[in-house]
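A quick write-up on the structure given underneath.
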Amino acid sequence: MEPDSIPDSLLDDWPAPDRPPRPERAPGNGPTLNWLFLDLNSYFASVEQQDRPELRGRPVGVVPMLADTTCCIAASYEAKAFGVRTGTIVADAKRLCPGILLVEGRHELYVDYHHRIVEAVESCLPVTAVCSIDEMACRLMGRERPLLAAMELARKVKRTIRERVGDMLRSSVGLATNRYLGKVASDMEKPDGLVALPLDILPEALPRLTLRDLPGIGARTEKRLNERGIHSMQDLLALDCEQAGQLWGSVWGERLWHWLRGEDFEMSETDHLKSISHSHVLAPEMRTPEKAWAVAHKLLHKAAMRLRSGGLWTGSVGLAVGFAVPRSENQPVSRFGVPSRGWHAELKVTECQDNQILIAALCKLWESKPKGAQYDHPFFVGVQLGGLVPTRLHTLSLFDALDSEQSRARLLAVMDALNSKYGLSTLAPATMLSAYKAAPTRIAFHSIPELF
């Protein structure tokens, strides 16, 4: 952090052992900001309302399929007023909001709108990072950094999206000295909010938040923090950097400590996606072992394409299967409202990008899953590629230089290019045929949009 960017009020509140030297200031210097973080509000539902005027002003739930056992992947603010949220089971959504309109997700449409929104934002200032399909971050430079200028620029971005893309596309903008606090600020006022967190108000603003207001702290992490004596933001902010690192057991805790003090720094060049996963809740007609296997194979095909597209190599293949069982008082119910028994396993592989190795691993995992009458009705399948490393960190094997390996790599590159252009199933293994219409493109909120 630049010394002259730290306000006097923050220096007064900064713990003495960590307090940086007080800088000399030019008269009239005001707070400055480094990042503008944009978060589209109820994005999938808003796109549907923009594309279909008859849905405007009405409670809308976007679902992966029209079935009571699935869940809402997005809800309009009209539906949220009744308590419907992302993850709400459809049957519960209908009970909470009898007039809710359920719409099957159209993910290609959401990607198209995403690119139009990025273009609109780029007409105001460059987009530094696309964080997900409904979030992006822009670094502020020069005259954009003073608080008033940044606020006016944020208003311009919001206005430009509405004018160029559509009135229903509302957004919340957070302004801060680092990207993480920009995300925090964007969540503080929804919908259609604009919040700035310059350094001088952090000591007052952050203690008012809850632990769950911080990105990266969900229910399980909050429980773990509570077990270690951290129950509030005041408790978290009282830690020193070393204690924060020990609390998380990783460098992430130390990074969070610096971010919460407004420091802005680039991530390590070794930071990259650590895993790629795809999962699918099977439609009733697909809940047989044979069809579930076809869907698992298709999910692996999609994950492998993303792996190669990102220049990554995987060191493990994971498989998760949920089995529907008869309803009883003691039987746990999945988050999809189905009484279930879950199973998962993982298999280590030599670092690879190759379909042949990945499919062989998936076959072994599938063969190892539980057998018996109680496992004859799979309703959920998930595939994960873990232990990812980028090409620059990939450990070469003796087989990488073989002509057969290089030829197969070239073949996969051609197949990926064709599938990306013409659709996932243009070139695919025959075992995927029964899953052709199953497991369609899904866009997770926390992944960069892909069409495969």
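Within each chain, counting starts at residue 1; across the structure tokens, chains are named A, B, ... in the order shown, with ligands numbered 1 upward in that order.
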Please report as CSV every residue of region 137-193 of chain A lying within 12 Å of region 56-60 of chain A, along with the nearest atom pair and their distance in Å (one decimal), using only C-alpha atoms.
```
residue,atom,partner,partner_atom,distance
A:Asp167,CA,A:Arg56,CA,10.5
A:Met168,CA,A:Arg56,CA,8.1
A:Leu169,CA,A:Arg56,CA,11.5
```
Selected residues written out, N, CA and C atoms, as a PDB file, in the first residue's frame:
```pdb
ATOM      1  N   ASP A 167     -33.372  -2.400 -19.305  1.00  0.00           N
ATOM      2  CA  ASP A 167     -33.792  -1.774 -18.059  1.00  0.00           C
ATOM      3  C   ASP A 167     -33.841  -2.750 -16.894  1.00  0.00           C
ATOM      4  N   MET A 168     -34.055  -4.028 -17.173  1.00  0.00           N
ATOM      5  CA  MET A 168     -34.191  -5.004 -16.093  1.00  0.00           C
ATOM      6  C   MET A 168     -32.847  -5.430 -15.517  1.00  0.00           C
ATOM      7  N   LEU A 169     -31.759  -5.061 -16.171  1.00  0.00           N
ATOM      8  CA  LEU A 169     -30.431  -5.475 -15.724  1.00  0.00           C
ATOM      9  C   LEU A 169     -29.897  -4.498 -14.687  1.00  0.00           C
TER      10      LEU A 169
END
```
**Request:** Please identify which residues in region 95-242 of chain A DSSP calls alpha helix (DSSP H) from the backbone, and express them as a PyMOL selection string.
**Result:** chain A and resi 95-96+107-122+147-164+179-186+202-205+219-227+233-237+241-242
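The coordinates place CA of Gln234 (chain A) at 5.5 Å from CA of Pro207 (chain A).
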**Prompt:** Among region 76-281 of chain A, which ones does DSSP place in strand (DSSP E), written as an MDAnalysis selection string?
**Reply:** chainID A and resid 101:104 129:132 135:139 171:176 194:197 276:281
**Request:** For Glu78 (chain A), please output as a count of residues only all residues within 12 Å (counting only C-alpha atoms; exclusion window: fewer than 5 positions along the same chain).
**Result:** 19
Counting only C-alpha atoms, what is within 12 Å of Gly253 (chain A), bar same-chain residues fewer than 5 positions away, as a CSV table (one decimal) with N, CA, C and O atoms, in the first residue's frame?
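See around.csv below for the written result:
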```csv
chain,number,residue,atom,x,y,z
A,216,GLY,N,-16.1,-16.1,0.9
A,216,GLY,CA,-15.3,-17.2,1.3
A,216,GLY,C,-15.6,-17.7,2.6
A,216,GLY,O,-15.1,-18.8,3.0
A,217,ILE,N,-16.5,-17.1,3.3
A,217,ILE,CA,-17.0,-17.6,4.6
A,217,ILE,C,-18.4,-18.0,4.5
A,217,ILE,O,-19.3,-17.2,4.5
A,221,THR,N,-17.5,-22.8,7.2
A,221,THR,CA,-16.3,-22.0,7.7
A,221,THR,C,-16.7,-21.2,8.9
A,221,THR,O,-15.9,-21.1,9.8
A,225,LEU,N,-14.9,-21.4,12.5
A,225,LEU,CA,-14.4,-20.2,13.2
A,225,LEU,C,-15.0,-20.0,14.6
A,225,LEU,O,-14.3,-19.7,15.5
A,236,LEU,N,-12.5,-11.3,14.6
A,236,LEU,CA,-11.6,-11.6,13.4
A,236,LEU,C,-10.6,-10.4,13.2
A,236,LEU,O,-9.4,-10.7,13.0
A,237,LEU,N,-11.1,-9.2,13.3
A,237,LEU,CA,-10.2,-8.0,13.1
A,237,LEU,C,-9.2,-7.9,14.2
A,237,LEU,O,-8.1,-7.2,14.0
A,239,LEU,N,-7.3,-10.2,15.4
A,239,LEU,CA,-6.2,-11.2,15.2
A,239,LEU,C,-5.0,-10.4,14.5
A,239,LEU,O,-5.2,-9.5,13.7
A,240,ASP,N,-3.8,-10.9,14.7
A,240,ASP,CA,-2.7,-10.4,14.0
A,240,ASP,C,-2.6,-11.3,12.7
A,240,ASP,O,-3.2,-12.3,12.6
A,241,CYS,N,-1.6,-10.9,11.9
A,241,CYS,CA,-1.5,-11.6,10.6
A,241,CYS,C,-1.1,-13.1,10.8
A,241,CYS,O,-1.7,-14.0,10.1
A,242,GLU,N,-0.2,-13.4,11.7
A,242,GLU,CA,0.2,-14.8,11.9
A,242,GLU,C,-1.0,-15.6,12.5
A,242,GLU,O,-1.2,-16.7,12.1
A,243,GLN,N,-1.8,-15.0,13.4
A,243,GLN,CA,-2.9,-15.7,13.9
A,243,GLN,C,-4.0,-16.0,12.9
A,243,GLN,O,-4.6,-17.1,12.8
A,244,ALA,N,-4.2,-15.1,11.9
A,244,ALA,CA,-5.1,-15.3,10.8
A,244,ALA,C,-4.7,-16.5,10.0
A,244,ALA,O,-5.5,-17.3,9.5
A,245,GLY,N,-3.4,-16.5,9.7
A,245,GLY,CA,-2.9,-17.6,8.9
A,245,GLY,C,-3.0,-19.0,9.6
A,245,GLY,O,-3.4,-20.0,9.0
A,246,GLN,N,-2.8,-19.0,10.9
A,246,GLN,CA,-3.0,-20.2,11.7
A,246,GLN,C,-4.4,-20.6,11.7
A,246,GLN,O,-4.8,-21.8,11.7
A,247,LEU,N,-5.3,-19.6,11.8
A,247,LEU,CA,-6.7,-19.9,11.9
A,247,LEU,C,-7.2,-20.6,10.7
A,247,LEU,O,-8.0,-21.6,10.8
A,248,TRP,N,-6.8,-20.2,9.5
A,248,TRP,CA,-7.2,-20.9,8.2
A,248,TRP,C,-6.3,-22.0,7.9
A,248,TRP,O,-6.7,-22.9,7.1
A,258,HIS,N,-4.6,-8.9,5.3
A,258,HIS,CA,-4.2,-7.7,4.6
A,258,HIS,C,-5.3,-7.1,3.8
A,258,HIS,O,-5.4,-5.8,3.8
A,259,TRP,N,-6.2,-7.9,3.2
A,259,TRP,CA,-7.3,-7.3,2.5
A,259,TRP,C,-8.2,-6.5,3.4
A,259,TRP,O,-8.7,-5.4,3.0
A,260,LEU,N,-8.5,-7.0,4.6
A,260,LEU,CA,-9.4,-6.3,5.5
A,260,LEU,C,-8.8,-5.0,6.0
A,260,LEU,O,-9.5,-4.2,6.6
```
For Leu388 (chain A): contacts at 12 Å, only C-alpha atoms, fewer than 2 positions along chain excluded, given as a compact mmCIF listing (two decimals) with all heavy atoms, in the first residue's frame:
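This went into selection_30.txt:
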```txt
# COMPACT_ATOMS: atom_id res chain seq x y z
N THR A 270 1.34 -18.41 -9.07
CA THR A 270 1.02 -19.83 -8.95
C THR A 270 -0.45 -20.05 -8.64
O THR A 270 -0.90 -21.18 -8.55
CB THR A 270 1.86 -20.49 -7.85
OG1 THR A 270 1.60 -19.83 -6.59
CG2 THR A 270 3.35 -20.39 -8.16
N ASP A 271 -1.23 -18.95 -8.45
CA ASP A 271 -2.65 -19.11 -8.19
C ASP A 271 -3.37 -19.52 -9.47
O ASP A 271 -3.20 -18.91 -10.51
CB ASP A 271 -3.26 -17.80 -7.67
CG ASP A 271 -2.85 -17.52 -6.25
OD1 ASP A 271 -2.53 -18.49 -5.53
OD2 ASP A 271 -2.86 -16.34 -5.85
N HIS A 272 -4.17 -20.55 -9.38
CA HIS A 272 -4.92 -21.02 -10.52
C HIS A 272 -6.08 -21.85 -10.01
O HIS A 272 -6.18 -22.16 -8.82
CB HIS A 272 -4.04 -21.85 -11.46
CG HIS A 272 -3.38 -23.02 -10.77
ND1 HIS A 272 -2.17 -22.92 -10.13
CD2 HIS A 272 -3.79 -24.30 -10.60
CE1 HIS A 272 -1.85 -24.08 -9.60
NE2 HIS A 272 -2.82 -24.94 -9.86
N LEU A 273 -6.97 -22.21 -10.92
CA LEU A 273 -8.10 -23.06 -10.56
C LEU A 273 -7.59 -24.37 -9.99
O LEU A 273 -6.70 -25.00 -10.55
CB LEU A 273 -8.93 -23.32 -11.83
CG LEU A 273 -10.38 -23.76 -11.67
CD1 LEU A 273 -11.20 -22.68 -10.97
CD2 LEU A 273 -10.97 -24.06 -13.04
N LYS A 274 -8.13 -24.77 -8.84
CA LYS A 274 -7.64 -25.99 -8.18
C LYS A 274 -8.46 -27.22 -8.55
O LYS A 274 -7.99 -28.35 -8.39
CB LYS A 274 -7.68 -25.80 -6.66
CG LYS A 274 -6.82 -24.62 -6.16
CD LYS A 274 -5.37 -24.78 -6.54
CE LYS A 274 -4.48 -23.71 -5.91
NZ LYS A 274 -4.74 -22.36 -6.39
N SER A 275 -9.68 -27.05 -9.01
CA SER A 275 -10.50 -28.19 -9.40
C SER A 275 -11.54 -27.75 -10.42
O SER A 275 -11.88 -26.56 -10.51
CB SER A 275 -11.18 -28.83 -8.19
OG SER A 275 -12.13 -27.94 -7.62
N ILE A 276 -12.02 -28.69 -11.18
CA ILE A 276 -13.11 -28.48 -12.14
C ILE A 276 -14.15 -29.55 -11.87
O ILE A 276 -13.82 -30.73 -11.80
CB ILE A 276 -12.61 -28.58 -13.60
CG1 ILE A 276 -11.66 -27.43 -13.93
CG2 ILE A 276 -13.79 -28.59 -14.58
CD1 ILE A 276 -11.01 -27.54 -15.30
N SER A 277 -15.39 -29.14 -11.70
CA SER A 277 -16.43 -30.14 -11.42
C SER A 277 -17.70 -29.81 -12.19
O SER A 277 -17.98 -28.65 -12.49
CB SER A 277 -16.72 -30.19 -9.92
OG SER A 277 -17.20 -28.94 -9.45
N ALA A 303 -15.84 -31.60 -18.45
CA ALA A 303 -14.76 -31.17 -17.55
C ALA A 303 -13.40 -31.25 -18.24
O ALA A 303 -12.55 -30.37 -18.07
CB ALA A 303 -14.77 -32.03 -16.29
N ALA A 304 -13.20 -32.30 -19.04
CA ALA A 304 -11.92 -32.45 -19.75
C ALA A 304 -11.71 -31.34 -20.78
O ALA A 304 -10.60 -30.86 -20.96
CB ALA A 304 -11.87 -33.82 -20.42
N ARG A 306 -12.90 -28.28 -20.51
CA ARG A 306 -12.54 -27.08 -19.74
C ARG A 306 -11.09 -27.17 -19.26
O ARG A 306 -10.37 -26.16 -19.22
CB ARG A 306 -13.47 -26.94 -18.53
CG ARG A 306 -14.87 -26.47 -18.86
CD ARG A 306 -15.69 -26.28 -17.60
NE ARG A 306 -15.09 -25.32 -16.70
CZ ARG A 306 -15.43 -25.18 -15.43
NH1 ARG A 306 -16.36 -25.96 -14.90
NH2 ARG A 306 -14.84 -24.27 -14.67
N LEU A 307 -10.66 -28.38 -18.88
CA LEU A 307 -9.29 -28.59 -18.42
C LEU A 307 -8.30 -28.16 -19.50
O LEU A 307 -7.38 -27.37 -19.25
CB LEU A 307 -9.11 -30.06 -18.08
CG LEU A 307 -7.75 -30.49 -17.53
CD1 LEU A 307 -7.64 -30.13 -16.06
CD2 LEU A 307 -7.55 -32.00 -17.72
N ARG A 308 -8.50 -28.67 -20.71
CA ARG A 308 -7.57 -28.36 -21.79
C ARG A 308 -7.69 -26.90 -22.23
O ARG A 308 -6.69 -26.26 -22.57
CB ARG A 308 -7.82 -29.32 -22.97
CG ARG A 308 -7.47 -30.77 -22.64
CD ARG A 308 -7.57 -31.67 -23.86
NE ARG A 308 -8.95 -31.87 -24.29
CZ ARG A 308 -9.72 -32.87 -23.89
NH1 ARG A 308 -9.27 -33.75 -23.01
NH2 ARG A 308 -10.95 -33.01 -24.34
N GLY A 310 -8.29 -24.41 -20.38
CA GLY A 310 -7.60 -23.57 -19.41
C GLY A 310 -6.12 -23.84 -19.30
O GLY A 310 -5.44 -23.25 -18.44
N GLY A 311 -5.59 -24.73 -20.15
CA GLY A 311 -4.17 -25.04 -20.08
C GLY A 311 -3.78 -25.70 -18.77
O GLY A 311 -2.71 -25.45 -18.23
N LEU A 312 -4.66 -26.58 -18.26
CA LEU A 312 -4.44 -27.22 -16.97
C LEU A 312 -4.27 -28.73 -17.13
O LEU A 312 -4.69 -29.31 -18.12
CB LEU A 312 -5.62 -26.93 -16.03
CG LEU A 312 -5.87 -25.46 -15.69
CD1 LEU A 312 -7.21 -25.28 -15.00
CD2 LEU A 312 -4.74 -24.93 -14.81
N TRP A 313 -3.68 -29.33 -16.11
CA TRP A 313 -3.48 -30.78 -16.06
C TRP A 313 -4.04 -31.27 -14.73
O TRP A 313 -3.90 -30.61 -13.72
CB TRP A 313 -1.99 -31.12 -16.15
CG TRP A 313 -1.35 -30.67 -17.43
CD1 TRP A 313 -1.09 -29.37 -17.80
CD2 TRP A 313 -0.90 -31.49 -18.51
NE1 TRP A 313 -0.52 -29.33 -19.04
CE2 TRP A 313 -0.38 -30.62 -19.51
CE3 TRP A 313 -0.88 -32.86 -18.74
CZ2 TRP A 313 0.16 -31.11 -20.70
CZ3 TRP A 313 -0.34 -33.34 -19.92
CH2 TRP A 313 0.17 -32.47 -20.89
N THR A 314 -4.67 -32.45 -14.74
CA THR A 314 -5.29 -32.97 -13.53
C THR A 314 -4.52 -34.15 -12.96
O THR A 314 -3.90 -34.92 -13.69
CB THR A 314 -6.74 -33.40 -13.80
OG1 THR A 314 -7.34 -33.83 -12.57
CG2 THR A 314 -6.82 -34.55 -14.79
N GLY A 315 -4.57 -34.26 -11.61
CA GLY A 315 -3.91 -35.36 -10.94
C GLY A 315 -4.86 -36.31 -10.26
O GLY A 315 -4.44 -37.27 -9.62
N SER A 316 -6.17 -36.06 -10.38
CA SER A 316 -7.14 -36.98 -9.77
C SER A 316 -8.51 -36.84 -10.44
O SER A 316 -8.84 -35.79 -10.99
CB SER A 316 -7.29 -36.71 -8.27
OG SER A 316 -7.92 -35.47 -8.04
N VAL A 317 -9.27 -37.92 -10.40
CA VAL A 317 -10.63 -37.94 -10.91
C VAL A 317 -11.55 -38.36 -9.75
O VAL A 317 -11.26 -39.34 -9.06
CB VAL A 317 -10.80 -38.93 -12.07
CG1 VAL A 317 -12.24 -38.94 -12.57
CG2 VAL A 317 -9.84 -38.58 -13.21
N LYS A 348 -6.38 -41.24 -7.90
CA LYS A 348 -5.22 -40.48 -8.35
C LYS A 348 -4.77 -40.98 -9.72
O LYS A 348 -4.82 -42.17 -10.00
CB LYS A 348 -4.06 -40.62 -7.37
CG LYS A 348 -4.36 -40.13 -5.96
CD LYS A 348 -4.54 -38.63 -5.92
CE LYS A 348 -4.74 -38.15 -4.48
NZ LYS A 348 -4.97 -36.69 -4.42
N VAL A 349 -4.35 -40.04 -10.57
CA VAL A 349 -3.83 -40.38 -11.90
C VAL A 349 -2.55 -39.59 -12.14
O VAL A 349 -2.29 -38.57 -11.48
CB VAL A 349 -4.85 -40.07 -13.01
CG1 VAL A 349 -6.10 -40.90 -12.85
CG2 VAL A 349 -5.19 -38.58 -13.04
N THR A 350 -1.75 -40.06 -13.08
CA THR A 350 -0.60 -39.27 -13.52
C THR A 350 -1.11 -37.99 -14.17
O THR A 350 -2.09 -38.02 -14.91
CB THR A 350 0.23 -40.07 -14.54
OG1 THR A 350 0.64 -41.30 -13.93
CG2 THR A 350 1.46 -39.29 -14.98
N GLU A 351 -0.47 -36.89 -13.88
CA GLU A 351 -0.92 -35.60 -14.44
C GLU A 351 -1.20 -35.74 -15.93
O GLU A 351 -0.34 -36.14 -16.70
CB GLU A 351 0.13 -34.52 -14.22
CG GLU A 351 0.21 -34.02 -12.79
CD GLU A 351 1.26 -32.95 -12.61
OE1 GLU A 351 1.80 -32.46 -13.63
OE2 GLU A 351 1.55 -32.58 -11.46
N CYS A 352 -2.43 -35.41 -16.32
CA CYS A 352 -2.79 -35.63 -17.72
C CYS A 352 -3.90 -34.67 -18.14
O CYS A 352 -4.53 -34.01 -17.33
CB CYS A 352 -3.26 -37.07 -17.94
SG CYS A 352 -4.85 -37.43 -17.17
N GLN A 353 -4.12 -34.64 -19.46
CA GLN A 353 -5.25 -33.94 -20.08
C GLN A 353 -6.02 -34.90 -20.99
O GLN A 353 -6.97 -34.50 -21.64
CB GLN A 353 -4.76 -32.77 -20.95
CG GLN A 353 -4.05 -31.65 -20.21
CD GLN A 353 -3.58 -30.57 -21.17
OE1 GLN A 353 -3.15 -30.85 -22.30
NE2 GLN A 353 -3.65 -29.32 -20.75
N GLN A 384 -15.49 -34.71 -10.76
CA GLN A 384 -14.54 -33.65 -10.43
C GLN A 384 -13.13 -34.04 -10.87
O GLN A 384 -12.70 -35.18 -10.70
CB GLN A 384 -14.52 -33.38 -8.92
CG GLN A 384 -13.56 -32.25 -8.52
CD GLN A 384 -13.55 -32.00 -7.03
OE1 GLN A 384 -13.15 -32.84 -6.25
NE2 GLN A 384 -14.01 -30.82 -6.62
N LEU A 385 -12.42 -33.08 -11.46
CA LEU A 385 -11.00 -33.21 -11.76
C LEU A 385 -10.26 -32.35 -10.75
O LEU A 385 -10.50 -31.15 -10.65
CB LEU A 385 -10.70 -32.75 -13.18
CG LEU A 385 -11.47 -33.47 -14.30
CD1 LEU A 385 -11.06 -32.91 -15.66
CD2 LEU A 385 -11.24 -34.97 -14.25
N GLY A 386 -9.37 -32.97 -9.97
CA GLY A 386 -8.69 -32.25 -8.91
C GLY A 386 -7.19 -32.23 -9.09
O GLY A 386 -6.63 -32.80 -10.03
N PRO A 390 -1.16 -25.72 -13.83
CA PRO A 390 -1.03 -25.15 -15.18
C PRO A 390 0.14 -25.78 -15.92
O PRO A 390 1.01 -26.41 -15.30
CB PRO A 390 -0.79 -23.66 -14.91
CG PRO A 390 -0.14 -23.63 -13.56
CD PRO A 390 -0.74 -24.77 -12.78
N THR A 391 0.17 -25.60 -17.22
CA THR A 391 1.21 -26.21 -18.04
C THR A 391 2.61 -25.84 -17.56
O THR A 391 3.52 -26.67 -17.57
CB THR A 391 1.02 -25.79 -19.52
OG1 THR A 391 -0.24 -26.28 -19.98
CG2 THR A 391 2.13 -26.36 -20.39
N ARG A 392 2.78 -24.60 -17.10
CA ARG A 392 4.13 -24.16 -16.69
C ARG A 392 4.63 -24.93 -15.46
O ARG A 392 5.83 -24.95 -15.19
CB ARG A 392 4.13 -22.66 -16.41
CG ARG A 392 3.32 -22.22 -15.22
CD ARG A 392 3.42 -20.72 -14.97
NE ARG A 392 2.68 -20.32 -13.79
CZ ARG A 392 1.40 -20.04 -13.75
NH1 ARG A 392 0.70 -20.10 -14.88
NH2 ARG A 392 0.80 -19.68 -12.62
N LEU A 393 3.70 -25.53 -14.69
CA LEU A 393 4.09 -26.28 -13.50
C LEU A 393 3.93 -27.79 -13.70
O LEU A 393 4.17 -28.56 -12.77
CB LEU A 393 3.25 -25.84 -12.29
CG LEU A 393 3.35 -24.36 -11.89
CD1 LEU A 393 2.43 -24.06 -10.72
CD2 LEU A 393 4.79 -23.99 -11.56
N HIS A 394 3.51 -28.18 -14.89
CA HIS A 394 3.28 -29.61 -15.17
C HIS A 394 4.59 -30.38 -15.20
O HIS A 394 5.57 -29.96 -15.81
CB HIS A 394 2.56 -29.75 -16.52
CG HIS A 394 2.53 -31.14 -17.07
ND1 HIS A 394 2.02 -32.21 -16.37
CD2 HIS A 394 2.97 -31.64 -18.26
CE1 HIS A 394 2.13 -33.31 -17.09
NE2 HIS A 394 2.70 -33.00 -18.24
N THR A 395 4.61 -31.52 -14.51
CA THR A 395 5.77 -32.39 -14.51
C THR A 395 5.70 -33.33 -15.70
O THR A 395 4.79 -34.16 -15.80
CB THR A 395 5.83 -33.22 -13.21
OG1 THR A 395 5.86 -32.33 -12.09
CG2 THR A 395 7.06 -34.10 -13.18
```
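Residues lying within 12 Å of Met233 (chain A), counting only C-alpha atoms and ignoring same-chain neighbours fewer than 5 positions away, are Leu202, Pro203, Glu204, Ala205, Leu206, Pro207, Arg208, Leu209, Thr210, Leu211, Arg212, Asp213, Leu214, Ile217, Glu222, Leu225, Asn226, Ala238, Leu239, Trp257 and Leu260 of chain A.
Distances to Val295 (chain A) were evaluated for A:Pro126, A:Gly342, A:Gly382, A:Pro370 using only C-alpha atoms, and the minimum falls at A:Gly382.
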**Item:** Non-local contacts of Glu367 (chain A) (12 Å; only C-alpha atoms; under 4 positions in same chain excluded) as a VMD selection string
**Value:** chain A and resid 289 293 319 345 360 to 363 371
Could you please take those selected residues and save all heavy atoms as a PDB file, in the first residue's frame?
```pdb
ATOM      1  N   PRO A 289     -28.964 -47.115 -13.626  1.00  0.00           N
ATOM      2  CA  PRO A 289     -27.493 -47.158 -13.638  1.00  0.00           C
ATOM      3  C   PRO A 289     -26.897 -46.911 -15.020  1.00  0.00           C
ATOM      4  O   PRO A 289     -25.883 -46.198 -15.148  1.00  0.00           O
ATOM      5  CB  PRO A 289     -27.185 -48.576 -13.138  1.00  0.00           C
ATOM      6  CG  PRO A 289     -28.356 -48.929 -12.276  1.00  0.00           C
ATOM      7  CD  PRO A 289     -29.538 -48.298 -12.956  1.00  0.00           C
ATOM      8  N   TRP A 293     -24.639 -43.632 -15.865  1.00  0.00           N
ATOM      9  CA  TRP A 293     -23.261 -43.768 -16.346  1.00  0.00           C
ATOM     10  C   TRP A 293     -23.039 -42.905 -17.580  1.00  0.00           C
ATOM     11  O   TRP A 293     -21.998 -42.262 -17.727  1.00  0.00           O
ATOM     12  CB  TRP A 293     -22.956 -45.227 -16.640  1.00  0.00           C
ATOM     13  CG  TRP A 293     -21.756 -45.428 -17.534  1.00  0.00           C
ATOM     14  CD1 TRP A 293     -21.737 -45.924 -18.795  1.00  0.00           C
ATOM     15  CD2 TRP A 293     -20.389 -45.099 -17.236  1.00  0.00           C
ATOM     16  NE1 TRP A 293     -20.467 -45.932 -19.306  1.00  0.00           N
ATOM     17  CE2 TRP A 293     -19.610 -45.428 -18.359  1.00  0.00           C
ATOM     18  CE3 TRP A 293     -19.759 -44.546 -16.118  1.00  0.00           C
ATOM     19  CZ2 TRP A 293     -18.237 -45.245 -18.414  1.00  0.00           C
ATOM     20  CZ3 TRP A 293     -18.375 -44.353 -16.170  1.00  0.00           C
ATOM     21  CH2 TRP A 293     -17.637 -44.706 -17.296  1.00  0.00           C
ATOM     22  N   LEU A 319     -15.671 -39.042  -8.364  1.00  0.00           N
ATOM     23  CA  LEU A 319     -17.039 -39.368  -8.775  1.00  0.00           C
ATOM     24  C   LEU A 319     -17.932 -39.350  -7.538  1.00  0.00           C
ATOM     25  O   LEU A 319     -17.577 -39.921  -6.503  1.00  0.00           O
ATOM     26  CB  LEU A 319     -17.084 -40.750  -9.432  1.00  0.00           C
ATOM     27  CG  LEU A 319     -18.478 -41.308  -9.777  1.00  0.00           C
ATOM     28  CD1 LEU A 319     -19.130 -40.474 -10.872  1.00  0.00           C
ATOM     29  CD2 LEU A 319     -18.374 -42.775 -10.202  1.00  0.00           C
ATOM     30  N   ALA A 345     -15.979 -41.154  -4.336  1.00  0.00           N
ATOM     31  CA  ALA A 345     -14.635 -41.727  -4.298  1.00  0.00           C
ATOM     32  C   ALA A 345     -13.737 -40.936  -5.239  1.00  0.00           C
ATOM     33  O   ALA A 345     -14.213 -40.211  -6.120  1.00  0.00           O
ATOM     34  CB  ALA A 345     -14.663 -43.205  -4.689  1.00  0.00           C
ATOM     35  N   ALA A 360     -10.721 -44.098 -18.352  1.00  0.00           N
ATOM     36  CA  ALA A 360     -10.331 -45.332 -17.665  1.00  0.00           C
ATOM     37  C   ALA A 360     -10.477 -45.177 -16.151  1.00  0.00           C
ATOM     38  O   ALA A 360     -10.942 -46.091 -15.458  1.00  0.00           O
ATOM     39  CB  ALA A 360      -8.895 -45.704 -18.026  1.00  0.00           C
ATOM     40  N   ALA A 361     -10.085 -44.016 -15.640  1.00  0.00           N
ATOM     41  CA  ALA A 361     -10.224 -43.762 -14.200  1.00  0.00           C
ATOM     42  C   ALA A 361     -11.693 -43.720 -13.795  1.00  0.00           C
ATOM     43  O   ALA A 361     -12.081 -44.269 -12.757  1.00  0.00           O
ATOM     44  CB  ALA A 361      -9.528 -42.453 -13.840  1.00  0.00           C
ATOM     45  N   LEU A 362     -12.516 -43.062 -14.627  1.00  0.00           N
ATOM     46  CA  LEU A 362     -13.945 -42.988 -14.321  1.00  0.00           C
ATOM     47  C   LEU A 362     -14.572 -44.381 -14.325  1.00  0.00           C
ATOM     48  O   LEU A 362     -15.432 -44.686 -13.477  1.00  0.00           O
ATOM     49  CB  LEU A 362     -14.653 -42.075 -15.326  1.00  0.00           C
ATOM     50  CG  LEU A 362     -16.123 -41.772 -15.020  1.00  0.00           C
ATOM     51  CD1 LEU A 362     -16.238 -40.925 -13.759  1.00  0.00           C
ATOM     52  CD2 LEU A 362     -16.781 -41.059 -16.196  1.00  0.00           C
ATOM     53  N   CYS A 363     -14.158 -45.230 -15.253  1.00  0.00           N
ATOM     54  CA  CYS A 363     -14.677 -46.614 -15.308  1.00  0.00           C
ATOM     55  C   CYS A 363     -14.360 -47.356 -14.016  1.00  0.00           C
ATOM     56  O   CYS A 363     -15.211 -48.071 -13.463  1.00  0.00           O
ATOM     57  CB  CYS A 363     -14.077 -47.359 -16.495  1.00  0.00           C
ATOM     58  SG  CYS A 363     -14.722 -46.856 -18.104  1.00  0.00           S
ATOM     59  N   LYS A 371     -23.122 -51.703  -4.717  1.00  0.00           N
ATOM     60  CA  LYS A 371     -24.054 -52.472  -5.547  1.00  0.00           C
ATOM     61  C   LYS A 371     -25.147 -53.059  -4.660  1.00  0.00           C
ATOM     62  O   LYS A 371     -24.977 -53.225  -3.458  1.00  0.00           O
ATOM     63  CB  LYS A 371     -23.317 -53.566  -6.308  1.00  0.00           C
ATOM     64  CG  LYS A 371     -22.305 -53.026  -7.319  1.00  0.00           C
ATOM     65  CD  LYS A 371     -21.532 -54.152  -7.972  1.00  0.00           C
ATOM     66  CE  LYS A 371     -20.590 -53.617  -9.040  1.00  0.00           C
ATOM     67  NZ  LYS A 371     -19.597 -52.685  -8.488  1.00  0.00           N
TER      68      LYS A 371
END
```
Dump as a Markdown table the rows for residues of region 39-61 of chain A within 12 Å of region 149-162 of chain A: closest atom pair and distance in Å with one decimal, only C-alpha atoms counted, ordered by chain and rising residue number.
```
| residue | atom | partner | partner_atom | distance |
| --- | --- | --- | --- | --- |
| A:Asp39 | CA | A:Lys158 | CA | 10.2 |
| A:Leu40 | CA | A:Lys158 | CA | 9.7 |
| A:Asn41 | CA | A:Lys158 | CA | 11.5 |
| A:Ser46 | CA | A:Arg162 | CA | 11.6 |
| A:Val47 | CA | A:Arg162 | CA | 11.8 |
| A:Gln50 | CA | A:Arg162 | CA | 10.5 |
```
